$ cat entry.tsv   # TSV, C-alpha atoms
chain	number	residue	atom	x	y	z
A	1	MET	CA	-8.28	6.16	-0.96
A	2	LYS	CA	-9.54	2.71	-1.93
A	3	LEU	CA	-8.11	-0.66	-0.88
A	4	SER	CA	-9.11	-3.84	-2.72
A	5	ILE	CA	-8.16	-7.13	-1.07
A	6	LEU	CA	-7.39	-9.76	-3.72
A	7	GLY	CA	-6.00	-12.29	-1.25
A	8	CYS	CA	-5.27	-12.23	2.47
A	9	TYR	CA	-4.43	-15.76	3.62
A	10	SER	CA	-1.01	-17.19	4.46
A	11	ALA	CA	0.87	-20.21	3.15
A	12	THR	CA	-1.09	-21.92	0.36
A	13	PRO	CA	-4.06	-20.98	-1.85
A	14	ARG	CA	-7.36	-22.79	-1.27
A	15	ALA	CA	-10.52	-23.11	-3.33
A	16	LEU	CA	-12.09	-20.03	-1.79
A	17	ASN	CA	-9.06	-18.22	-0.35
A	18	ASN	CA	-6.07	-16.58	-2.01
A	19	THR	CA	-2.63	-15.66	-0.76
A	20	THR	CA	-1.51	-12.09	-0.25
A	21	SER	CA	-2.24	-9.46	-2.88
A	22	GLN	CA	-4.02	-6.13	-2.80
A	23	VAL	CA	-4.54	-2.99	-4.85
A	24	LEU	CA	-4.28	0.48	-3.36
A	25	GLU	CA	-5.82	3.40	-5.25
A	26	ILE	CA	-4.50	6.68	-3.88
A	27	ASN	CA	-4.52	10.10	-5.55
A	28	ASN	CA	-4.91	8.74	-9.11
A	29	HIS	CA	-2.29	6.01	-8.61
A	30	MET	CA	-3.07	2.30	-8.67
A	31	PHE	CA	-0.42	0.30	-6.78
A	32	LEU	CA	-0.31	-3.51	-6.65
A	33	ILE	CA	1.06	-4.73	-3.32
A	34	ASP	CA	2.35	-8.33	-3.28
A	35	CYS	CA	1.35	-10.81	-5.95
A	36	GLY	CA	0.53	-14.29	-4.68
A	37	GLU	CA	-0.76	-17.06	-6.95
A	38	GLY	CA	-4.02	-16.22	-8.66
A	39	THR	CA	-3.55	-12.46	-8.51
A	40	GLN	CA	-4.29	-11.86	-12.18
A	41	VAL	CA	-7.47	-13.95	-11.95
A	42	GLN	CA	-8.57	-11.85	-8.98
A	43	LEU	CA	-7.77	-8.66	-10.88
A	44	ARG	CA	-10.04	-9.82	-13.70
A	45	LYS	CA	-12.76	-10.97	-11.34
A	46	HIS	CA	-12.89	-7.56	-9.70
A	47	LYS	CA	-12.60	-5.66	-13.00
A	48	ILE	CA	-9.35	-3.89	-12.13
A	49	LYS	CA	-7.72	-2.61	-15.31
A	50	PHE	CA	-4.30	-4.15	-15.91
A	51	ASN	CA	-2.98	-1.12	-17.79
A	52	ARG	CA	-3.45	1.15	-14.76
A	53	ILE	CA	-0.91	-0.85	-12.77
A	54	LYS	CA	2.48	0.77	-13.26
A	55	HIS	CA	4.14	0.01	-9.92
A	56	ILE	CA	4.25	-3.32	-8.06
A	57	PHE	CA	5.60	-3.61	-4.50
A	58	ILE	CA	6.75	-7.05	-3.28
A	59	SER	CA	7.38	-7.40	0.45
A	60	HIS	CA	9.59	-10.50	0.40
A	61	LEU	CA	10.49	-13.59	-1.60
A	62	HIS	CA	8.24	-16.17	0.01
A	63	GLY	CA	6.04	-17.81	-2.59
A	64	ASP	CA	2.70	-16.77	-1.14
A	65	HIS	CA	3.69	-13.16	-1.79
A	66	PHE	CA	5.17	-13.26	-5.30
A	67	PHE	CA	4.50	-16.54	-7.16
A	68	GLY	CA	1.84	-14.79	-9.24
A	69	LEU	CA	4.25	-12.12	-10.49
A	70	VAL	CA	5.86	-13.85	-13.47
A	71	GLY	CA	2.44	-14.92	-14.72
A	72	LEU	CA	1.15	-11.37	-14.52
A	73	ILE	CA	4.24	-10.04	-16.30
A	74	SER	CA	3.74	-12.63	-19.05
A	75	THR	CA	0.07	-11.73	-19.44
A	76	PHE	CA	0.99	-8.07	-19.80
A	77	ARG	CA	3.28	-9.13	-22.66
A	78	LEU	CA	0.53	-11.15	-24.36
A	79	LEU	CA	-1.77	-8.13	-24.10
A	80	THR	CA	0.89	-6.09	-25.98
A	81	ARG	CA	1.46	-3.73	-23.08
A	82	GLU	CA	3.65	-0.75	-23.91
A	83	THR	CA	3.71	1.13	-20.58
A	84	ASP	CA	6.77	0.78	-18.34
A	85	LEU	CA	6.33	-1.50	-15.32
A	86	HIS	CA	8.28	-0.78	-12.12
A	87	ILE	CA	8.81	-3.59	-9.62
A	88	TYR	CA	10.10	-2.90	-6.11
A	89	GLY	CA	11.29	-5.79	-3.97
A	90	PRO	CA	14.20	-7.52	-2.23
A	91	LYS	CA	17.49	-8.08	-4.00
A	92	GLY	CA	17.11	-11.29	-6.00
A	93	ILE	CA	13.70	-10.54	-7.46
A	94	LYS	CA	15.20	-9.47	-10.78
A	95	GLU	CA	17.20	-12.70	-11.03
A	96	VAL	CA	14.29	-15.02	-10.28
A	97	ILE	CA	11.89	-13.28	-12.70
A	98	THR	CA	14.32	-12.79	-15.57
A	99	LEU	CA	15.56	-16.40	-15.32
A	100	GLN	CA	12.04	-17.70	-15.89
A	101	MET	CA	11.59	-15.33	-18.81
A	102	LYS	CA	14.95	-16.28	-20.28
A	103	LEU	CA	14.28	-20.03	-20.14
A	104	ALA	CA	10.83	-19.51	-21.68
A	105	ASP	CA	12.22	-17.11	-24.31
A	106	SER	CA	9.45	-14.71	-23.31
A	107	TRP	CA	11.02	-11.29	-22.96
A	108	THR	CA	8.64	-8.40	-22.49
A	109	ASN	CA	7.83	-5.92	-25.22
A	110	TYR	CA	7.67	-3.17	-22.60
A	111	ASN	CA	10.28	-1.81	-20.18
A	112	LEU	CA	10.48	-3.93	-17.03
A	113	ILE	CA	12.31	-1.88	-14.41
A	114	PHE	CA	13.44	-3.50	-11.15
A	115	HIS	CA	14.20	-1.53	-7.98
A	116	GLU	CA	15.98	-4.00	-5.71
A	117	LEU	CA	16.00	-3.23	-2.01
A	118	THR	CA	18.68	-4.05	0.54
A	119	SER	CA	18.46	-1.33	3.20
A	120	LYS	CA	17.56	-2.32	6.75
A	121	THR	CA	16.43	1.22	7.52
A	122	SER	CA	13.45	3.04	6.06
A	123	GLU	CA	14.09	4.69	2.69
A	124	LEU	CA	12.16	6.69	0.11
A	125	ILE	CA	11.70	4.50	-2.98
A	126	PHE	CA	9.08	6.36	-5.00
A	127	GLU	CA	8.01	9.99	-5.22
A	128	ASP	CA	6.12	12.25	-7.58
A	129	ASP	CA	4.08	15.40	-7.10
A	130	LYS	CA	1.16	13.47	-5.57
A	131	VAL	CA	2.45	10.51	-3.55
A	132	GLU	CA	5.55	9.19	-1.82
A	133	VAL	CA	6.35	5.61	-0.82
A	134	ARG	CA	8.79	4.56	1.92
A	135	THR	CA	9.88	1.14	3.11
A	136	ILE	CA	9.01	-0.20	6.56
A	137	PRO	CA	11.74	-2.69	7.57
A	138	LEU	CA	10.14	-5.77	9.14
A	139	ASN	CA	11.38	-8.82	11.04
A	140	HIS	CA	10.63	-12.08	9.25
A	141	ARG	CA	12.58	-15.20	8.34
A	142	VAL	CA	13.93	-13.53	5.19
A	143	TYR	CA	14.61	-9.91	4.27
A	144	THR	CA	11.19	-8.21	4.31
A	145	ASN	CA	9.77	-4.72	3.91
A	146	GLY	CA	6.38	-3.22	4.47
A	147	TYR	CA	5.45	-0.06	2.59
A	148	LEU	CA	4.10	3.32	3.66
A	149	PHE	CA	2.08	5.22	1.05
A	150	LYS	CA	1.47	8.92	1.77
A	151	GLU	CA	-0.36	11.56	-0.20
A	152	LYS	CA	1.34	14.92	-0.46
A	153	ALA	CA	-0.48	18.02	0.71
A	154	ARG	CA	-3.44	18.82	-1.55
A	155	LEU	CA	-3.99	22.25	-3.11
A	156	ARG	CA	-5.99	24.73	-1.04
A	157	LYS	CA	-9.56	25.46	-2.10
A	158	LEU	CA	-10.06	28.92	-3.56
A	159	ASN	CA	-13.08	31.04	-2.64
A	160	VAL	CA	-13.47	32.70	-6.05
A	161	LYS	CA	-16.00	35.26	-4.80
A	162	ALA	CA	-13.67	36.33	-1.99
A	163	ALA	CA	-10.75	36.57	-4.42
A	164	GLU	CA	-12.82	38.76	-6.75
A	165	ASN	CA	-13.89	40.99	-3.86
A	166	ALA	CA	-10.24	41.30	-2.83
A	167	LYS	CA	-9.44	42.46	-6.39
A	168	ILE	CA	-6.95	39.65	-7.08
A	169	ASP	CA	-6.06	39.09	-10.71
A	170	VAL	CA	-7.02	35.60	-11.97
A	171	ALA	CA	-3.38	35.07	-12.97
A	172	TYR	CA	-2.62	34.61	-9.24
A	173	TYR	CA	-5.32	32.06	-8.51
A	174	ARG	CA	-2.95	29.12	-8.97
A	175	LYS	CA	-0.48	30.62	-6.49
A	176	LEU	CA	-3.29	31.04	-4.00
A	177	THR	CA	-4.21	27.33	-4.21
A	178	GLN	CA	-0.53	26.58	-3.57
A	179	GLY	CA	-0.69	28.52	-0.30
A	180	PHE	CA	1.04	31.79	-1.24
A	181	ASP	CA	0.02	35.31	-0.24
A	182	VAL	CA	-0.34	37.57	-3.30
A	183	GLU	CA	-0.68	41.27	-4.15
A	184	ASN	CA	-3.99	42.48	-5.51
A	185	GLU	CA	-4.54	44.96	-8.33
A	186	GLU	CA	-3.98	47.86	-5.91
A	187	GLY	CA	-0.63	46.53	-4.69
A	188	LYS	CA	-2.01	45.37	-1.34
A	189	LEU	CA	-0.76	42.04	0.05
A	190	ILE	CA	-3.68	39.63	0.50
A	191	LYS	CA	-3.25	36.91	3.10
A	192	ASN	CA	-3.88	33.47	1.65
A	193	GLU	CA	-6.18	32.28	4.43
A	194	THR	CA	-8.62	35.15	3.74
A	195	VAL	CA	-9.52	33.80	0.28
A	196	THR	CA	-8.82	30.07	0.54
A	197	LYS	CA	-9.42	27.15	2.89
A	198	ALA	CA	-7.46	23.98	3.46
A	199	GLY	CA	-7.84	21.23	0.89
A	200	PRO	CA	-8.65	17.61	1.77
A	201	LYS	CA	-6.41	16.09	4.44
A	202	PRO	CA	-3.68	13.94	2.84
A	203	LYS	CA	-4.26	10.24	3.45
A	204	SER	CA	-1.77	7.52	4.30
A	205	TYR	CA	-1.68	3.72	4.24
A	206	ALA	CA	0.83	1.33	5.81
A	207	PHE	CA	1.19	-2.29	4.67
A	208	CYS	CA	2.96	-4.62	7.11
A	209	SER	CA	3.14	-8.29	6.16
A	210	ASP	CA	4.94	-10.56	7.15
A	211	THR	CA	6.58	-9.79	10.48
A	212	MET	CA	6.84	-10.73	14.09
A	213	PHE	CA	5.96	-8.06	16.66
A	214	LYS	CA	8.35	-5.18	15.94
A	215	GLU	CA	7.75	-2.13	18.07
A	216	ASP	CA	10.40	0.01	16.41
A	217	ILE	CA	8.21	0.44	13.31
A	218	VAL	CA	5.83	2.55	15.40
A	219	PRO	CA	7.56	5.92	14.72
A	220	LEU	CA	7.54	5.15	10.97
A	221	ILE	CA	3.76	4.68	10.85
A	222	GLN	CA	2.72	7.15	13.55
A	223	ASN	CA	-0.76	8.64	12.92
A	224	THR	CA	-1.23	6.72	9.67
A	225	ASP	CA	-4.86	6.67	8.52
A	226	VAL	CA	-4.96	2.93	7.80
A	227	LEU	CA	-2.64	0.13	8.86
A	228	TYR	CA	-2.80	-3.35	7.33
A	229	HIS	CA	-0.91	-5.63	9.70
A	230	GLU	CA	-0.51	-9.37	9.46
A	231	SER	CA	-2.28	-11.44	12.11
A	232	THR	CA	-1.41	-14.99	11.20
A	233	PHE	CA	-2.30	-16.48	14.60
A	234	LEU	CA	-4.68	-16.15	17.51
A	235	GLU	CA	-3.33	-16.02	21.05
A	236	GLN	CA	-3.72	-19.77	21.58
A	237	HIS	CA	-0.99	-20.24	18.97
A	238	ALA	CA	1.26	-17.35	20.05
A	239	HIS	CA	4.16	-19.81	20.43
A	240	LEU	CA	3.92	-20.52	16.70
A	241	ALA	CA	4.10	-16.80	15.95
A	242	VAL	CA	7.43	-16.63	17.73
A	243	LYS	CA	8.72	-19.76	15.98
A	244	THR	CA	7.71	-18.64	12.48
A	245	LYS	CA	8.30	-14.90	12.97
A	246	HIS	CA	4.69	-13.92	12.48
A	247	SER	CA	2.25	-11.89	14.61
A	248	THR	CA	-0.97	-12.50	16.51
A	249	ALA	CA	-4.08	-10.36	16.21
A	250	LYS	CA	-3.37	-8.87	19.63
A	251	GLU	CA	0.18	-7.94	18.64
A	252	ALA	CA	-1.11	-6.23	15.50
A	253	ALA	CA	-3.57	-4.29	17.66
A	254	LEU	CA	-0.81	-3.24	20.04
A	255	ILE	CA	1.18	-1.79	17.13
A	256	ALA	CA	-1.95	0.07	15.95
A	257	GLN	CA	-2.54	1.43	19.45
A	258	LYS	CA	1.05	2.60	19.95
A	259	ALA	CA	1.14	4.22	16.48
A	260	ASN	CA	-2.23	5.93	16.98
A	261	VAL	CA	-3.47	4.84	13.56
A	262	GLY	CA	-7.00	5.52	12.40
A	263	THR	CA	-8.04	2.02	11.33
A	264	LEU	CA	-6.41	-1.39	11.67
A	265	VAL	CA	-7.05	-3.97	8.94
A	266	LEU	CA	-6.10	-7.53	9.89
A	267	GLY	CA	-4.99	-10.13	7.35
A	268	HIS	CA	-2.59	-12.96	6.42
A	269	TYR	CA	-4.58	-15.46	8.43
A	270	SER	CA	-3.44	-19.02	8.96
A	271	THR	CA	-5.76	-21.46	7.20
A	272	ARG	CA	-6.03	-23.51	10.42
A	273	TYR	CA	-8.95	-21.33	11.60
A	274	ASP	CA	-12.56	-21.89	10.53
A	275	SER	CA	-13.76	-18.40	11.47
A	276	LEU	CA	-12.21	-14.93	11.33
A	277	LYS	CA	-14.44	-13.37	14.01
A	278	HIS	CA	-12.03	-14.35	16.79
A	279	PHE	CA	-9.26	-12.28	15.16
A	280	LYS	CA	-11.38	-9.16	15.44
A	281	GLN	CA	-12.49	-10.00	18.97
A	282	GLU	CA	-8.95	-10.49	20.23
A	283	ALA	CA	-7.65	-7.34	18.51
A	284	GLN	CA	-10.48	-5.20	19.88
A	285	GLU	CA	-9.45	-6.02	23.42
A	286	ILE	CA	-6.60	-3.57	22.73
A	287	PHE	CA	-7.64	-1.39	19.77
A	288	GLU	CA	-11.25	-0.60	18.92
A	289	ASN	CA	-11.29	0.36	15.23
A	290	VAL	CA	-10.55	-3.01	13.61
A	291	GLU	CA	-11.56	-4.33	10.18
A	292	LEU	CA	-11.07	-7.82	8.78
A	293	ALA	CA	-9.54	-8.24	5.33
A	294	GLU	CA	-11.38	-10.81	3.23
A	295	ASP	CA	-10.79	-11.90	-0.35
A	296	GLY	CA	-12.73	-9.62	-2.68
A	297	LYS	CA	-13.49	-7.03	0.00
A	298	THR	CA	-13.06	-3.35	-0.79
A	299	PHE	CA	-12.49	-0.55	1.70
A	300	GLU	CA	-13.08	3.14	0.98
A	301	PHE	CA	-11.25	5.51	3.30
$ encode --input "entry.tsv" --output "structure tokens"
Amino acid sequence: MKLSILGCYSATPRALNNTTSQVLEINNHMFLIDCGEGTQVQLRKHKIKFNRIKHIFISHLHGDHFFGLVGLISTFRLLTRETDLHIYGPKGIKEVITLQMKLADSWTNYNLIFHELTSKTSELIFEDDKVEVRTIPLNHRVYTNGYLFKEKARLRKLNVKAAENAKIDVAYYRKLTQGFDVENEEGKLIKNETVTKAGPKPKSYAFCSDTMFKEDIVPLIQNTDVLYHESTFLEQHAHLAVKTKHSTAKEAALIAQKANVGTLVLGHYSTRYDSLKHFKQEAQEIFENVELAEDGKTFEF
């Protein structure tokens, strides 16, 4: 599982800092999460192939999370994209994007498929044989969702030598990797665990931006491997977090602690701060395993 941070600051872009956007690579999928201004430039800068992006997840309709979307869609058109593009986001995202395209007479030459979200409870919005994606309802000034990405159970690893010794026909090897017991050539039932071992542990990633402290998301993200949680403010500005419905670094850490996640990644910093080190220091007072998102930074989990 690989996470590439394209932008992780709040409000407005600056010369050296971009607003929220990131790419998650998980089990052969490449998901774009939020699409602030400058996203396509960041994609080029970090050599991320446009044609591998087939699903885009937008958390909410504040500009620092989606103003780069119509530009990216237009660039895909200019590059003669043919692959379908799925966009998941709040109700209204289809209207705002298609209006811009209509007025510019710039309809796509590929299928642009919108999945508009309205539910205030968690729902499954994408699933295939490798990965599933569920919404994480958040509490912000407008309708907002985070997203939980989870790998499905991997195939078990076959011990070919053990299978041969057990006189299992090769035609059953696939069933063994799927976890089934099978009969050998002598009609004897061979227990799966005697010839296979567990495959890699499925990984999971939760994206939570923007939101005020919301403890009821904890059951939804329990035991997640990696949690990205907004930390717009330090404790000295906690009153602003309440006013703007954002979180502090300590509040993000408290969610991570309660959910027993593996790693907490902080982001969505206010541009009022000159250094990020204090975010990590404050969070680690509550939760030890903390990483700081930074534009251009890549995490391998």
$ closest_residue --input "entry.tsv" --among "A:Trp107, A:Phe31, A:Phe126, A:Phe301" --to "Thr224 (chain A)" --atoms "only C-alpha atoms"
A:Phe301
$ atom_distance --input "entry.tsv" --atom1 "CA of Lys197 (chain A)" --atom2 "CA of Thr177 (chain A)"
8.8 Å
$ closest_residue --input "entry.tsv" --among "A:Leu32, A:Val170, A:Ile221, A:Ile93" --to "Lys258 (chain A)" --atoms "all atoms listed in the file"
A:Ile221
$ closest_residue --input "entry.tsv" --among "A:His29, A:Lys250, A:Lys2, A:Lys152" --to "Glu132 (chain A)" --atoms "all atoms listed in the file"
A:Lys152
$ residues_around --input "entry.tsv" --residues "Ile136 (chain A)" --least-positions-apart "5" --cutoff "7 Å" --atoms "all atoms listed in the file" --output "MDAnalysis selection string"
chainID A and resid 122 145:148 217
$ write_last_selection --input "entry.tsv" --atoms "C-alpha atoms" --output "PDB file, in the coordinates of the input"
ATOM      1  CA  SER A 122      13.450   3.040   6.060  1.00  0.00           C
ATOM      2  CA  ASN A 145       9.770  -4.720   3.910  1.00  0.00           C
ATOM      3  CA  GLY A 146       6.380  -3.220   4.470  1.00  0.00           C
ATOM      4  CA  TYR A 147       5.450  -0.060   2.590  1.00  0.00           C
ATOM      5  CA  LEU A 148       4.100   3.320   3.660  1.00  0.00           C
ATOM      6  CA  ILE A 217       8.210   0.440  13.310  1.00  0.00           C
TER       7      ILE A 217
END
$ atom_distance --input "entry.tsv" --atom1 "CA of Glu123 (chain A)" --atom2 "CA of Leu220 (chain A)"
10.6 Å
$ residues_around --input "entry.tsv" --residues "Gly7 (chain A)" --least-positions-apart "5" --cutoff "12 Å" --atoms "only C-alpha atoms" --output "ChimeraX atom specification"
/A:12-23,32-43,46,64-66,68,267-269,293-298
$ closest_residue --input "entry.tsv" --among "A:Ser270, A:Asn260, A:Thr98, A:Ser106" --to "Arg77 (chain A)" --atoms "only C-alpha atoms"
A:Ser106
$ atom_distance --input "entry.tsv" --atom1 "CA of Leu266 (chain A)" --atom2 "CA of Lys49 (chain A)"
25.7 Å
$ closest_residue --input "entry.tsv" --among "A:Ile48, A:Leu234, A:Ala249, A:Met30" --to "Tyr273 (chain A)" --atoms "all atoms listed in the file"
A:Leu234
